[in-house]
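Please read the structure below before turning to the comments.
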Amino acid sequence: MVIEAREKHGIEAPSRKDSVEDGMASTRDWVKRKFYGETIIDVEDLDFTYSKVRALQNVTITIPRDGVTAVMGPSGCGKSTFLRTLNRMYEVVPGAKASGTILFEGENLLKTDPVVLRHKIGMVFQRPNPFPKSIFDNIAYGPRIHGLRNKKKLMAIAEDALRRAALWDEVKDRLKESAFSLSGGQQQRLCIARALAVSPKILLMDEPCSALDPKASDCIERTTRELAEALTVIIVTHNLQQAARVSDHVAVFLAGGHLAEFGATREVFEDPESQEVGDYLQGRFG
Amino acid sequence: MGHTKVDGKPNLKIRMKHRNVDRYVFFALALVSLLTLGTIIYFIFAEAVPFLDKMRLVPEEQGTTSKWGEHFTDTRLGDLFTSTWRPESDREEFFGTLPMIVATTVVTLGAMVLAIPFGLSAAVFVGEVGPRWLKDVFKTVLELLAAVPSIVYGFFGLIIIAPFVRVHLDVVSGSNGLTAALILSIMALPTISSLAEDALHAVPNTYREASLALGATRWQTIWRTIIPSASSGIIGAVILGMGRAVGETMAVLFVAGNAPFLTWNILRPLRPITSAIALDMQESVRGSAHFHSLFAMGALLLLITLIMNWTAEWFHGRLLKRQGLKGG
Amino acid sequence: MTDRSLENLQDGITKRSMTQWIAFSLLGVASLFGFFFLAFILYWIIRQGASAISWEFLTTAPRNMAQEGGIAPMIIGSVYLTAGSLIVAIPFALGAAIWLSEYAWKGWWLRAIRVTVNTLAGVPSIVFGLVGLGLFVYALGFGVSLLSGMCTLAMLTLPILIRASEEALRAVPRTFREGSLSLGATRWTMIRTVVLPTALPGILTGSVLGMARAIGETAPIMFTATAFLLTQPYPTSLFERVSTLPYHLYGLVQISNFYNETKSIQFGTVFVLMAVVTLLNLTAIIWRTRVRRKKAW
């Protein structure tokens with residue numbers, strides 16, 4: 001594939017019309033038309049290499065503001081990697097390199113301060129990972145590192161975050177207890193609350209239900225839907241039903257880190273553009 | 001037990017038996033370490049007890065002739081914790097070990113004041129901040145530092161550090177508590193650094209990710225998440241480093257000054273327990289009160305280090321337990 | 001979030017990155033200390049000691065109250081003691097390590113032996129000296145001799161050797177063991193033919209480290225084996241005293257009020273001691289790295 005030098009035109013940059021990407025470009029145009037002015041993240045030409053292995057190739061995608069965007073694909077297709085580039089968490093792994101443009105709030109987030117970025121783009125991980133502290137201290141962690149000391153305000157933030165994560169009623173009497181005393185599903189909701197406590201604009205969720213039982217997953221899904229009223233959720237999942245239930249839009253990645261399709265959930269599920277995506281959605285592979 | 005006619009079965013039986021034999025042979029060899037520790041504890045206390053025992057049985061009895069000779073004329077158990085040490089004397093003998101106990105305390109604490117900040121800083125920098133190759137190099141350097149014989153540290157202290165301390169702090173003798181503490185801090189450094197780095201390394205990566213994803217800087221992540229999570233391992237590392245300082249002999253023998261007088265002043269010549277044993281054992285007569293009093297000091301030293309080791313082990317076990325809890 | 005609070009955030013982040021910068025700088029400087037010190041002590045010893053080294057220094061006995069001559073008996077004595085202690089300790093250490101990694105049944109005994117090995121590693125070296133005196137010199141009647149010293153040092157190196165050997169044995173992958181057992185080998189045959197040969201480099205590395213530790217120890221042998229300036233410099237039996245490098249240094253420092261009298265001999269002794277210890281350790285470290293890297297499994 002020819003790599004061209006390109007100008008960056010901001011949010012409304014026209015997409016490149018490579019022969020391979022014709023289908024993609026039309027999808028993008030459709031998104032542009034439909035969500036004009038409602039874009040929150042605009043990814044262009046994102047390449048990602050991890051110790052010389054290319055995990056993402058030429059990903060170009062426009063993620064709409066608000067609602068839930070699901071990122072799907074067979075294992076090893078780079079969907080988690082894609083999520084991790086959005087708040088630069090990939091930098092934790094040595095040897096990882098991302099190139100391209102990811103526009104967020106008018107700036108290429110690959111070039112900004114990751115600390116500022118992560119304040120605005122929160123993340124929930126595959127396995128619940130509370131700190132070995134009390135429930136309250138877990139949630140207060142974020143506001144505290146951003147300099148908030150006032151106990152009353154911290155308490156208010158904690159209550160708000162816990163309510164939004166639908167955990168408040170279960171833990172309001174035991175905020176001083178260790179976070180490890182919670183069940184797996186509760187721990188994951190605690191992690192969601194912890195992320196919400198720094199009031200992010202986007203919440204990234206990396207297969208948040210993969211370590212949970214169906215009932216706990218269900219609860220997380222409902223929480224996710226409710227959260228999407230007020231902020232943008234981008235969720236990685238390998239569970240097709242889950243994607244269909246929670247998301248407004250889906251992006252499907254296929255092997256080699258190619259973005260194969262992006263569109264409204266219903267449309268992609270009912271009428272996929274490419275054969276491969278159709279196969280994947282019918283569970284033929286992955 | 002009758003003969004069995006099934007082919008191969010006796011053979012199998014022999015092999016089963018053989019299997020058990022080798023298991024118990026190796027178990028016996030493993031017990032040797034237990035036996036060694038038992039022997040150590042037994043012999044130290046066996047040689048220390050006559051001293052304590054004798055003093056308890058014959059308090060203040062002038063001129064008692066016992067199989068220990070005339071050395072016990074005027075000693076009592078409580079004397080062990082008094083401040084006068086004059087073991088071989090024409091007039092009256094005193095076995096007060098308080099000066100040595102205080103000296104060991106002063107020198108060890110002094111060493112820790114330096115070794116803890118330096119050792120932990122290095123562990124954090126190398127484990128969490130610096131690049132990977134630095135960690136490999138650093139671990140090698142620590143291993144080499146730990147391998148330097150203690151007598152070489154003592155020699156170095158005597159010739160380089162003692163004159164430096166004497167000149168710059170304007171004290172009479174450079175062989176004093178401070179010089180010993182400086183040398184001991186260098187000697188405890190590898191233990192503290194290396195074990196603390198292991199403890200940091202054992203903190204699951206998910207903690208780092210969770211903290212960074214909340215917008216914490218790397219330093220905030222280290223300070224608020226990683227260090228608290230590794231704290232029991234770090235405490236264990238510090239205790240083991242301290243144990244090394246308490247038990248160190250040759251280095252302090254060279255530089256501590258060896259004056260058996262009770263003082264808390266680190267700038268005065270001091271005689272820690274280990275030096276006292278090493279110095280006096282060369283002069284004491286076998287079976288004398290002096291001889292046994294040195295074993296009593298050895299018993300005290302052993303007790304202190306055993307307690308320290310077990311405490312460190314306990315902290316380390318707690319770390320492992322906590323890590324296990326996270327995994328589940 | 002209002003613009004105003006974003007402004008505050010930006011301020012806060014500047015402050016936080018400043019804090020981070022200061023913290024990392026301090027940590028970096030502090031961690032240089034170890035490197036600096038090792039470099040300095042090596043430089044100092046080489047600079048002062050290298051000039052004392054000559055063929056004569058390494059091959060003759062001391063003369064004239066150690067103010068002249070060399071340190072050959074000390075080198076020989078240290079080698080005897082160290083080699084002897086390893087010969088005594090290795091069978092027990094290897095046996096214990098094999099039990100710990102291959103046979104141990106979970107429970108009280110395993111825990112007890114683990115704790116014992118760790119505890120032994122923390123016993124001060126002077127305590128070993130006292131025990132050696134009480135047990136080998138007096139109780140067993142070996143006297144102050146090479147044999148007492150070997151046994152005392154063997155006690156001291158035992159935990160080091162056990163730990164290193166056990167680590168090497170545990171590094172042998174399970175598939176190797178299963179492969180052997182599935183062919184009908186008994187456990188002992190499996191260990192003998194598969195586990196031990198695979199773990200051998202690691203065990204040897206551990207032994208080299210134990211040797212390096214034993215050769216530099218002074219406190220355990222000062223009452224049990226060694227003496228300063230013997231009339232009979234080279235020991236001819238296990239029941240004689242020996243001269244050793246570290247104790248020779250101790251003696252030299254003790255007898256010279258002004259260390260200038262024997263300065264070059266002192267530094268020469270330190271140089272030889274450090275050279276041996278550092279070379280042994282470096283060999284072990286390099287060897288270990290190479291073994292770990294070459295590991296194909």
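For the structure tokens, the naming scheme is as follows: chains receive sequential letters (A, B, ...) according to their order of presentation, residues are indexed from 1 within each chain, and ligands are indexed from 1 in presentation order.
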
Problem set entry | Test item: chain A residues at most 7 Å from chain B, counting only C-alpha atoms, as a PyMOL selection string | chain A and resi 89+115-116+118-119+122-123+129+131-132+142+145+195

Problem set entry | Test item, helix (DSSP H, G or I) assignment across region 81-257 of chain B, answer as a ChimeraX atom specification | /B:81,98-129,132-147,150-169,177-201,205-213,218-229,231-247,250-255

Please write the residues from the selection above to a file, keeping C-alpha atoms, as a compact mmCIF listing (two decimals), in the first residue's frame.
```txt
# COMPACT_ATOMS: atom_id res chain seq x y z
CA PHE B 81 22.46 -5.50 81.97
CA LEU B 98 24.74 -2.70 78.22
CA PRO B 99 27.49 -0.70 76.47
CA MET B 100 27.61 -3.27 73.68
CA ILE B 101 23.85 -3.48 73.32
CA VAL B 102 23.58 0.29 73.15
CA ALA B 103 26.49 0.47 70.71
CA THR B 104 24.87 -2.06 68.39
CA THR B 105 21.61 -0.11 68.55
CA VAL B 106 23.26 3.23 67.86
CA VAL B 107 25.37 1.97 65.00
CA THR B 108 22.52 0.02 63.39
CA LEU B 109 20.04 2.87 63.61
CA GLY B 110 22.66 5.25 62.25
CA ALA B 111 23.27 2.93 59.34
CA MET B 112 19.55 2.65 58.64
CA VAL B 113 19.12 6.42 58.54
CA LEU B 114 21.33 6.38 55.47
CA ALA B 115 20.65 2.99 53.96
CA ILE B 116 16.85 3.18 53.93
CA PRO B 117 16.45 6.36 51.87
CA PHE B 118 19.28 5.52 49.50
CA GLY B 119 18.38 1.86 49.17
CA LEU B 120 14.67 2.44 48.62
CA SER B 121 15.26 5.36 46.24
CA ALA B 122 17.50 3.20 44.15
CA ALA B 123 14.97 0.37 44.14
CA VAL B 124 12.15 2.66 43.05
CA PHE B 125 14.21 4.44 40.41
CA VAL B 126 15.60 1.30 38.90
CA GLY B 127 12.39 -0.73 39.15
CA GLU B 128 9.83 1.86 38.12
CA VAL B 129 11.49 4.80 36.40
CA ARG B 132 15.12 -2.11 31.56
CA TRP B 133 18.82 -2.43 30.85
CA LEU B 134 19.53 -0.20 33.84
CA LYS B 135 17.77 -2.71 36.04
CA ASP B 136 20.01 -5.56 34.84
CA VAL B 137 23.16 -3.49 35.33
CA PHE B 138 21.97 -2.33 38.72
CA LYS B 139 21.19 -5.82 39.93
CA THR B 140 24.67 -6.92 38.92
CA VAL B 141 26.24 -3.98 40.75
CA LEU B 142 24.23 -4.80 43.86
CA GLU B 143 25.29 -8.41 43.69
CA LEU B 144 28.94 -7.41 43.44
CA LEU B 145 28.57 -4.93 46.30
CA ALA B 146 26.97 -7.62 48.44
CA ALA B 147 29.81 -9.98 47.62
CA SER B 150 33.20 -7.52 55.08
CA ILE B 151 36.86 -7.24 56.00
CA VAL B 152 37.45 -5.25 52.81
CA TYR B 153 34.67 -2.88 53.82
CA GLY B 154 36.32 -2.59 57.22
CA PHE B 155 39.69 -1.86 55.67
CA PHE B 156 38.13 0.73 53.39
CA GLY B 157 36.41 2.33 56.35
CA LEU B 158 39.61 2.41 58.37
CA ILE B 159 41.73 3.99 55.68
CA ILE B 160 39.31 6.21 53.77
CA ILE B 161 36.23 6.98 55.87
CA ALA B 162 37.73 7.18 59.38
CA PRO B 163 40.28 9.91 58.50
CA PHE B 164 37.58 11.75 56.59
CA VAL B 165 35.23 11.69 59.57
CA ARG B 166 38.02 12.70 61.95
CA VAL B 167 39.06 15.71 59.89
CA HIS B 168 35.64 16.94 58.84
CA LEU B 169 33.80 16.47 62.10
CA GLY B 177 30.10 5.00 65.78
CA LEU B 178 29.51 7.28 62.83
CA THR B 179 32.23 5.67 60.71
CA ALA B 180 30.83 2.25 61.55
CA ALA B 181 27.32 3.43 60.66
CA LEU B 182 28.54 4.77 57.31
CA ILE B 183 30.21 1.49 56.43
CA LEU B 184 27.23 -0.53 57.62
CA SER B 185 24.86 1.58 55.55
CA ILE B 186 26.84 0.69 52.45
CA MET B 187 26.78 -2.97 53.42
CA ALA B 188 23.03 -3.03 54.08
CA LEU B 189 22.28 -1.17 50.86
CA PRO B 190 22.36 -4.16 48.46
CA THR B 191 20.05 -6.21 50.68
CA ILE B 192 17.53 -3.42 51.03
CA SER B 193 17.64 -2.31 47.39
CA SER B 194 17.50 -5.72 45.87
CA LEU B 195 14.69 -7.09 48.02
CA ALA B 196 12.67 -3.87 47.82
CA GLU B 197 12.96 -3.97 44.05
CA ASP B 198 11.65 -7.54 44.09
CA ALA B 199 8.69 -6.38 46.16
CA LEU B 200 7.92 -3.56 43.71
CA HIS B 201 8.23 -5.97 40.83
CA ASN B 205 0.62 -4.39 36.42
CA THR B 206 -3.12 -3.83 36.64
CA TYR B 207 -2.54 -1.41 39.52
CA ARG B 208 -0.20 0.69 37.42
CA GLU B 209 -2.66 0.70 34.55
CA ALA B 210 -5.63 1.55 36.73
CA SER B 211 -3.82 4.49 38.26
CA LEU B 212 -2.41 5.84 35.00
CA ALA B 213 -5.80 5.51 33.32
CA ARG B 218 3.90 8.15 36.94
CA TRP B 219 5.18 9.59 40.19
CA GLN B 220 1.68 9.69 41.69
CA THR B 221 1.18 6.12 40.59
CA ILE B 222 4.41 5.07 42.27
CA TRP B 223 3.84 7.04 45.43
CA ARG B 224 0.16 6.37 45.98
CA THR B 225 -0.33 2.92 44.55
CA ILE B 226 2.79 0.91 43.94
CA ILE B 227 4.71 1.69 47.12
CA PRO B 228 1.69 1.15 49.42
CA SER B 229 0.94 -2.15 47.65
CA SER B 231 4.84 -2.00 51.59
CA SER B 232 5.05 -5.30 53.42
CA GLY B 233 7.78 -6.53 51.08
CA ILE B 234 9.63 -3.25 51.51
CA ILE B 235 9.39 -3.48 55.29
CA GLY B 236 10.71 -7.05 55.07
CA ALA B 237 13.62 -5.81 52.96
CA VAL B 238 14.46 -3.11 55.48
CA ILE B 239 14.35 -5.56 58.39
CA LEU B 240 16.65 -7.99 56.61
CA GLY B 241 19.05 -5.14 55.80
CA MET B 242 18.97 -4.18 59.45
CA GLY B 243 19.67 -7.79 60.43
CA ARG B 244 22.72 -7.72 58.21
CA ALA B 245 23.93 -4.55 59.96
CA VAL B 246 23.34 -5.97 63.44
CA GLY B 247 25.27 -9.14 62.72
CA MET B 250 34.72 -7.51 60.77
CA ALA B 251 33.79 -4.13 59.35
CA VAL B 252 32.71 -2.69 62.68
CA LEU B 253 35.67 -4.31 64.40
CA PHE B 254 37.93 -2.18 62.22
CA VAL B 255 36.15 1.13 62.49
```

Problem set entry | Residues of chain A within 12 Å of chain C, only C-alpha atoms counted, as a list in words |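 In the required form, that comes to Asp113, Pro114, Val115, Val116, Leu117, Arg118, His119, Lys120, Pro143, Arg144, Ile145, His146, Gly147, Leu148, Val198, Ser199, Pro200, Lys201 and Leu231 of chain A.
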
C-alpha atoms of the current selection, written as a short mmCIF file (atom, residue, chain, number, x, y, z; two decimals), in the first residue's frame:
```cif
data_model
loop_
_atom_site.label_atom_id
_atom_site.label_comp_id
_atom_site.auth_asym_id
_atom_site.auth_seq_id
_atom_site.Cartn_x
_atom_site.Cartn_y
_atom_site.Cartn_z
CA ASP A 113 0.21 15.17 27.50
CA PRO A 114 -1.09 11.69 28.37
CA VAL A 115 -1.86 12.77 31.91
CA VAL A 116 -4.29 15.48 30.74
CA LEU A 117 -5.70 13.09 28.19
CA ARG A 118 -6.42 10.31 30.66
CA HIS A 119 -8.22 12.75 32.86
CA LYS A 120 -10.69 13.25 30.03
CA PRO A 143 -9.99 13.38 42.53
CA ARG A 144 -7.17 13.25 45.10
CA ILE A 145 -4.41 12.93 42.54
CA HIS A 146 -5.92 15.92 40.81
CA GLY A 147 -5.44 17.86 43.99
CA LEU A 148 -8.84 17.69 45.71
CA VAL A 198 -12.74 12.25 37.52
CA SER A 199 -15.64 13.23 35.20
CA PRO A 200 -14.25 11.92 31.93
CA LYS A 201 -15.81 12.82 28.58
CA LEU A 231 -20.97 10.62 28.05
#
```

Seminar exercise, completed: chain C proximity check over B:Thr249, B:Ser284, B:Thr311, B:Ser83, using only C-alpha atoms: winner is B:Thr249

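Interatomic distance, CA of Phe176 (chain C) to CA of Ile203 (chain C): 17.7 Å.
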
Problem set entry | All residues 9 Å or closer to His292 (chain B), only C-alpha atoms, same chain fewer than 2 positions away omitted, as a VMD selection string | chain B and resid 47 to 52 286 to 290 294 to 297
